[in-house]
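Participant: First the structure, then my questions, so here it is.
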Amino acid sequence: MAGPQYSLGMSVTSKTFLDMYQAMLARFGHQGWWPGDGALEICVGAILTQNTNWTNVQRAIANLKGAAIMSVNALHAAGREKLAELIRPAGYYNVKAARLLHFIAAVHERNGDDIEAFLSRPIDALREELLSISGIGRETADSMILYAAGKPTFVVDTYTYRILLRHRLIAPEDDYETIKELMESHLPLDVELWKDYHAQLVAVGKHFCRPAARCPGCPLEGFPHDPTSGDW
DNA sequence: GACCAGGCACATC
DNA sequence: GATGTGCATGGT
């Protein structure tokens, strides 16, 4: 039989995923995600961090706060060009200015200045609404739901995919919803755990599980397979 | 100077 | 349905 074997649906149990968490937690400590202040700032950050380093996002958020427009009403009133200039350090600033305004318009239309009210709807309805907004895909929607709304949905990102793939817990062709379901079905329904689990995976991704690189010393070595063979 | 960073929409086949 | 491409700054 050619090619690596994947553990999905086979011998891997909830214990494996919980042990992985304990190993990451022991190495990195509780991550305290989401970094930032308040539901709106989390949602804004979720859009700005798309394919972008967080340090650049922080500069953009600081600019928005410095311009005193970190509110639904103020962002709604801001012009696209002004917004683009303020978020420039986050990259893709024209695209992201439009995406921010799409999101803000949806919130404003439904709940005015009240982001908490917008986020208070049942999780399925909220996710559907978020995904209908141009510029908000699955990861961005789930980040908003988990970290801004505080509702249980597992966030899958490129780090999650890469780490699970290298440890043979998923197959290369597995899509977002499959991976999300894998995590959710193997973990207790615990929002705080899901928040920190995703954050821990990002920490592993940043420090060890990098593209085109092996990862000696990674806390996830041997969970359940050493990522020491196969293609990179 | 190449590579990477907490994606997404859209065009094309 | 699968694959390719544009978007852009800033750190390593």
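Chain labels A, B, ... are given in the sequence in which chains occur in the structure tokens; within each chain residues are numbered consecutively from 1, and ligands are likewise numbered from 1 in the order shown.
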Near chain A, which residues of chain B fall within 10 Å when you count only C-alpha atoms (C1' of nucleotides), and what do they look like as a PyMOL selection string?

Facilitator: chain B and resi 3-9

Participant: Select all residues from chain C having any atom no more than 7 Å from an atom of chain A (counting only C-alpha atoms (C1' of nucleotides), ignoring ligands), output as a PDB file with N, CA and C atoms (P, O5', C5', C4', C3', O3' and C1' of nucleotides), in the first residue's frame.

Facilitator:
```pdb
ATOM      1  P    DC C   7      -4.104  43.103  -8.092  1.00  0.00           P
ATOM      2  O5'  DC C   7      -4.428  43.127  -6.526  1.00  0.00           O
ATOM      3  C5'  DC C   7      -5.773  43.280  -6.081  1.00  0.00           C
ATOM      4  C4'  DC C   7      -5.842  42.977  -4.609  1.00  0.00           C
ATOM      5  C3'  DC C   7      -4.783  43.703  -3.756  1.00  0.00           C
ATOM      6  O3'  DC C   7      -5.438  44.303  -2.658  1.00  0.00           O
ATOM      7  C1'  DC C   7      -4.895  41.451  -3.188  1.00  0.00           C
ATOM      8  P    DA C   8      -5.103  45.723  -2.198  1.00  0.00           P
ATOM      9  O5'  DA C   8      -3.725  45.407  -1.476  1.00  0.00           O
ATOM     10  C5'  DA C   8      -2.496  45.893  -1.948  1.00  0.00           C
ATOM     11  C4'  DA C   8      -1.572  45.963  -0.764  1.00  0.00           C
ATOM     12  C3'  DA C   8      -0.125  46.361  -1.092  1.00  0.00           C
ATOM     13  O3'  DA C   8       0.365  47.020   0.058  1.00  0.00           O
ATOM     14  C1'  DA C   8      -0.133  44.234  -0.154  1.00  0.00           C
ATOM     15  P    DT C   9       1.648  47.979  -0.032  1.00  0.00           P
ATOM     16  O5'  DT C   9       2.022  48.123   1.519  1.00  0.00           O
ATOM     17  C5'  DT C   9       0.989  48.285   2.491  1.00  0.00           C
ATOM     18  C4'  DT C   9       1.316  47.477   3.725  1.00  0.00           C
ATOM     19  C3'  DT C   9       2.735  47.723   4.256  1.00  0.00           C
ATOM     20  O3'  DT C   9       2.644  48.174   5.592  1.00  0.00           O
ATOM     21  C1'  DT C   9       2.288  45.386   4.069  1.00  0.00           C
ATOM     22  P    DG C  10       3.940  48.865   6.251  1.00  0.00           P
ATOM     23  O5'  DG C  10       4.723  47.649   6.912  1.00  0.00           O
ATOM     24  C5'  DG C  10       4.112  46.972   8.000  1.00  0.00           C
ATOM     25  C4'  DG C  10       4.922  45.736   8.365  1.00  0.00           C
ATOM     26  C3'  DG C  10       6.415  45.966   8.571  1.00  0.00           C
ATOM     27  O3'  DG C  10       6.797  45.215   9.714  1.00  0.00           O
ATOM     28  C1'  DG C  10       6.099  44.216   7.080  1.00  0.00           C
TER      29       DG C  10
END
```

Participant: What's around DA2 of chain C at 12 Å? Count only C-alpha atoms (C1' of nucleotides), leave out sequence neighbours fewer than 3 positions away in its own chain, and write the answer as a list of chain:residue names.

Facilitator: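 Contacts, in chain order: A:Glu173, B:DT12, B:DC13.
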
Participant: One decimal, Å: what's the distance from atom CA of Ile42 of chain A over to atom CA of Ile61 of chain A, could you say?

Facilitator: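 Atom CA of Ile61 of chain A lies at a distance of 10.0 Å from atom CA of Ile42 of chain A.
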
Participant: Select from segment 4-201 of chain A everything DSSP, run on the backbone, classes as helix (DSSP H, G or I), then give the selection as a short mmCIF file (atom, residue, chain, number, x, y, z; two decimals) with C-alpha atoms, in the first residue's frame.

Facilitator:
```cif
data_model
loop_
_atom_site.label_atom_id
_atom_site.label_comp_id
_atom_site.auth_asym_id
_atom_site.auth_seq_id
_atom_site.Cartn_x
_atom_site.Cartn_y
_atom_site.Cartn_z
CA SER A 14 -10.73 12.04 22.32
CA LYS A 15 -7.88 11.25 24.68
CA THR A 16 -5.36 11.82 21.91
CA PHE A 17 -6.71 15.29 21.25
CA LEU A 18 -6.87 16.14 24.95
CA ASP A 19 -3.34 14.87 25.48
CA MET A 20 -2.20 17.01 22.58
CA TYR A 21 -3.78 20.01 24.29
CA GLN A 22 -2.04 19.25 27.58
CA ALA A 23 1.30 18.95 25.79
CA MET A 24 0.83 22.30 24.05
CA LEU A 25 -0.45 23.98 27.20
CA ALA A 26 2.53 22.70 29.18
CA ARG A 27 4.88 24.18 26.59
CA PHE A 28 3.26 27.51 25.80
CA GLY A 38 -14.17 43.96 23.11
CA ALA A 39 -16.39 42.21 20.61
CA LEU A 40 -16.13 44.80 17.86
CA GLU A 41 -12.35 44.93 18.01
CA ILE A 42 -12.24 41.13 17.81
CA CYS A 43 -14.46 41.13 14.72
CA VAL A 44 -12.41 43.87 13.08
CA GLY A 45 -9.22 42.00 13.89
CA ALA A 46 -10.65 38.78 12.45
CA ILE A 47 -11.08 40.47 9.08
CA LEU A 48 -7.79 42.34 9.19
CA TRP A 54 -0.87 39.84 13.68
CA THR A 55 1.72 42.54 14.39
CA ASN A 56 0.63 44.32 11.23
CA VAL A 57 -3.00 44.01 12.30
CA GLN A 58 -2.20 45.61 15.64
CA ARG A 59 -0.88 48.69 13.86
CA ALA A 60 -4.05 48.96 11.82
CA ILE A 61 -6.26 48.58 14.89
CA ALA A 62 -4.20 51.22 16.71
CA ASN A 63 -4.81 53.57 13.78
CA LEU A 64 -8.56 53.00 13.95
CA LYS A 65 -8.59 53.65 17.67
CA GLY A 66 -6.38 56.68 17.23
CA VAL A 72 -20.13 50.40 14.56
CA ASN A 73 -21.60 53.84 13.95
CA ALA A 74 -18.26 55.54 13.37
CA LEU A 75 -16.98 52.82 11.06
CA HIS A 76 -20.29 52.87 9.22
CA ALA A 77 -19.89 56.60 8.68
CA ARG A 80 -13.89 53.53 2.26
CA GLU A 81 -10.81 55.50 1.25
CA LYS A 82 -10.23 56.88 4.73
CA LEU A 83 -10.66 53.40 6.17
CA ALA A 84 -8.22 51.96 3.64
CA GLU A 85 -5.59 54.52 4.56
CA LEU A 86 -5.93 53.76 8.29
CA ARG A 88 -2.86 50.18 5.35
CA PRO A 89 -0.28 48.44 7.59
CA ALA A 90 -2.43 45.28 7.60
CA TYR A 93 -6.04 47.44 2.52
CA ASN A 94 -8.43 48.16 -0.33
CA VAL A 95 -9.95 44.69 -0.15
CA LYS A 96 -10.14 44.74 3.62
CA ALA A 97 -11.68 48.21 3.79
CA ALA A 98 -14.50 46.95 1.59
CA ARG A 99 -14.86 43.78 3.68
CA LEU A 100 -14.97 45.76 6.92
CA LEU A 101 -17.67 47.98 5.51
CA HIS A 102 -19.69 44.98 4.33
CA PHE A 103 -19.57 43.54 7.82
CA ILE A 104 -20.31 46.83 9.54
CA ALA A 105 -23.22 47.51 7.20
CA ALA A 106 -24.77 44.16 8.09
CA VAL A 107 -24.42 44.83 11.81
CA HIS A 108 -25.69 48.39 11.48
CA GLU A 109 -28.67 47.42 9.40
CA ARG A 110 -29.77 44.74 11.83
CA ASN A 111 -28.78 46.09 15.23
CA ILE A 115 -22.58 44.60 18.15
CA GLU A 116 -23.48 42.50 21.18
CA ALA A 117 -27.07 42.26 20.00
CA PHE A 118 -25.88 41.23 16.55
CA LEU A 119 -23.77 38.46 18.05
CA ILE A 123 -25.10 30.08 16.68
CA ASP A 124 -26.42 28.53 13.47
CA ALA A 125 -28.31 31.65 12.43
CA LEU A 126 -25.30 33.81 13.29
CA ARG A 127 -22.91 31.65 11.28
CA GLU A 128 -25.23 31.64 8.29
CA GLU A 129 -25.58 35.42 8.44
CA LEU A 130 -21.84 35.97 8.75
CA LEU A 131 -21.08 33.64 5.83
CA ARG A 138 -15.51 30.11 7.35
CA GLU A 139 -12.44 30.91 9.41
CA THR A 140 -13.34 34.56 9.88
CA ALA A 141 -16.94 33.70 10.76
CA ASP A 142 -15.90 31.03 13.24
CA SER A 143 -13.33 33.34 14.83
CA MET A 144 -16.03 35.94 15.40
CA ILE A 145 -18.46 33.33 16.76
CA LEU A 146 -15.97 31.71 19.12
CA TYR A 147 -14.03 34.71 20.38
CA ALA A 148 -16.44 37.65 20.00
CA THR A 158 -3.85 26.96 7.85
CA TYR A 159 -1.91 26.01 10.99
CA THR A 160 -4.64 23.59 12.07
CA TYR A 161 -4.62 21.97 8.65
CA ARG A 162 -0.85 21.72 8.43
CA ILE A 163 -0.39 20.34 11.94
CA LEU A 164 -3.18 17.76 11.69
CA LEU A 165 -1.98 16.71 8.25
CA ARG A 166 1.61 16.24 9.33
CA TYR A 176 -12.79 22.89 6.35
CA GLU A 177 -16.07 21.46 7.62
CA THR A 178 -14.62 17.96 7.92
CA ILE A 179 -11.71 19.17 10.03
CA LYS A 180 -13.99 21.35 12.16
CA GLU A 181 -16.26 18.35 12.79
CA LEU A 182 -13.27 16.16 13.66
CA MET A 183 -12.16 18.58 16.36
CA GLU A 184 -15.61 19.31 17.73
CA SER A 185 -16.53 15.62 17.94
CA HIS A 186 -13.35 14.71 19.81
CA VAL A 191 -15.90 27.22 24.78
CA GLU A 192 -12.86 28.12 26.84
CA LEU A 193 -11.11 24.91 25.81
CA TRP A 194 -11.89 25.50 22.14
CA LYS A 195 -10.64 29.07 22.35
CA ASP A 196 -7.32 28.05 23.81
CA TYR A 197 -6.97 24.91 21.69
CA HIS A 198 -7.00 26.95 18.51
CA ALA A 199 -4.61 29.46 20.03
CA GLN A 200 -2.25 26.65 21.04
CA LEU A 201 -2.27 25.27 17.50
#
```

Participant: One decimal, Å: what's the distance from atom CA of Ala68 of chain A over to atom CA of Asp114 of chain A, could you say?

Facilitator: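 Going from atom CA of Ala68 of chain A over to atom CA of Asp114 of chain A, I get 16.9 Å.
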
Participant: Interatomic distance between atom CA of Phe223 of chain A and atom CA of Val12 of chain A?

Facilitator: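 Atom-to-atom, atom CA of Phe223 of chain A to atom CA of Val12 of chain A, that is 9.5 Å.
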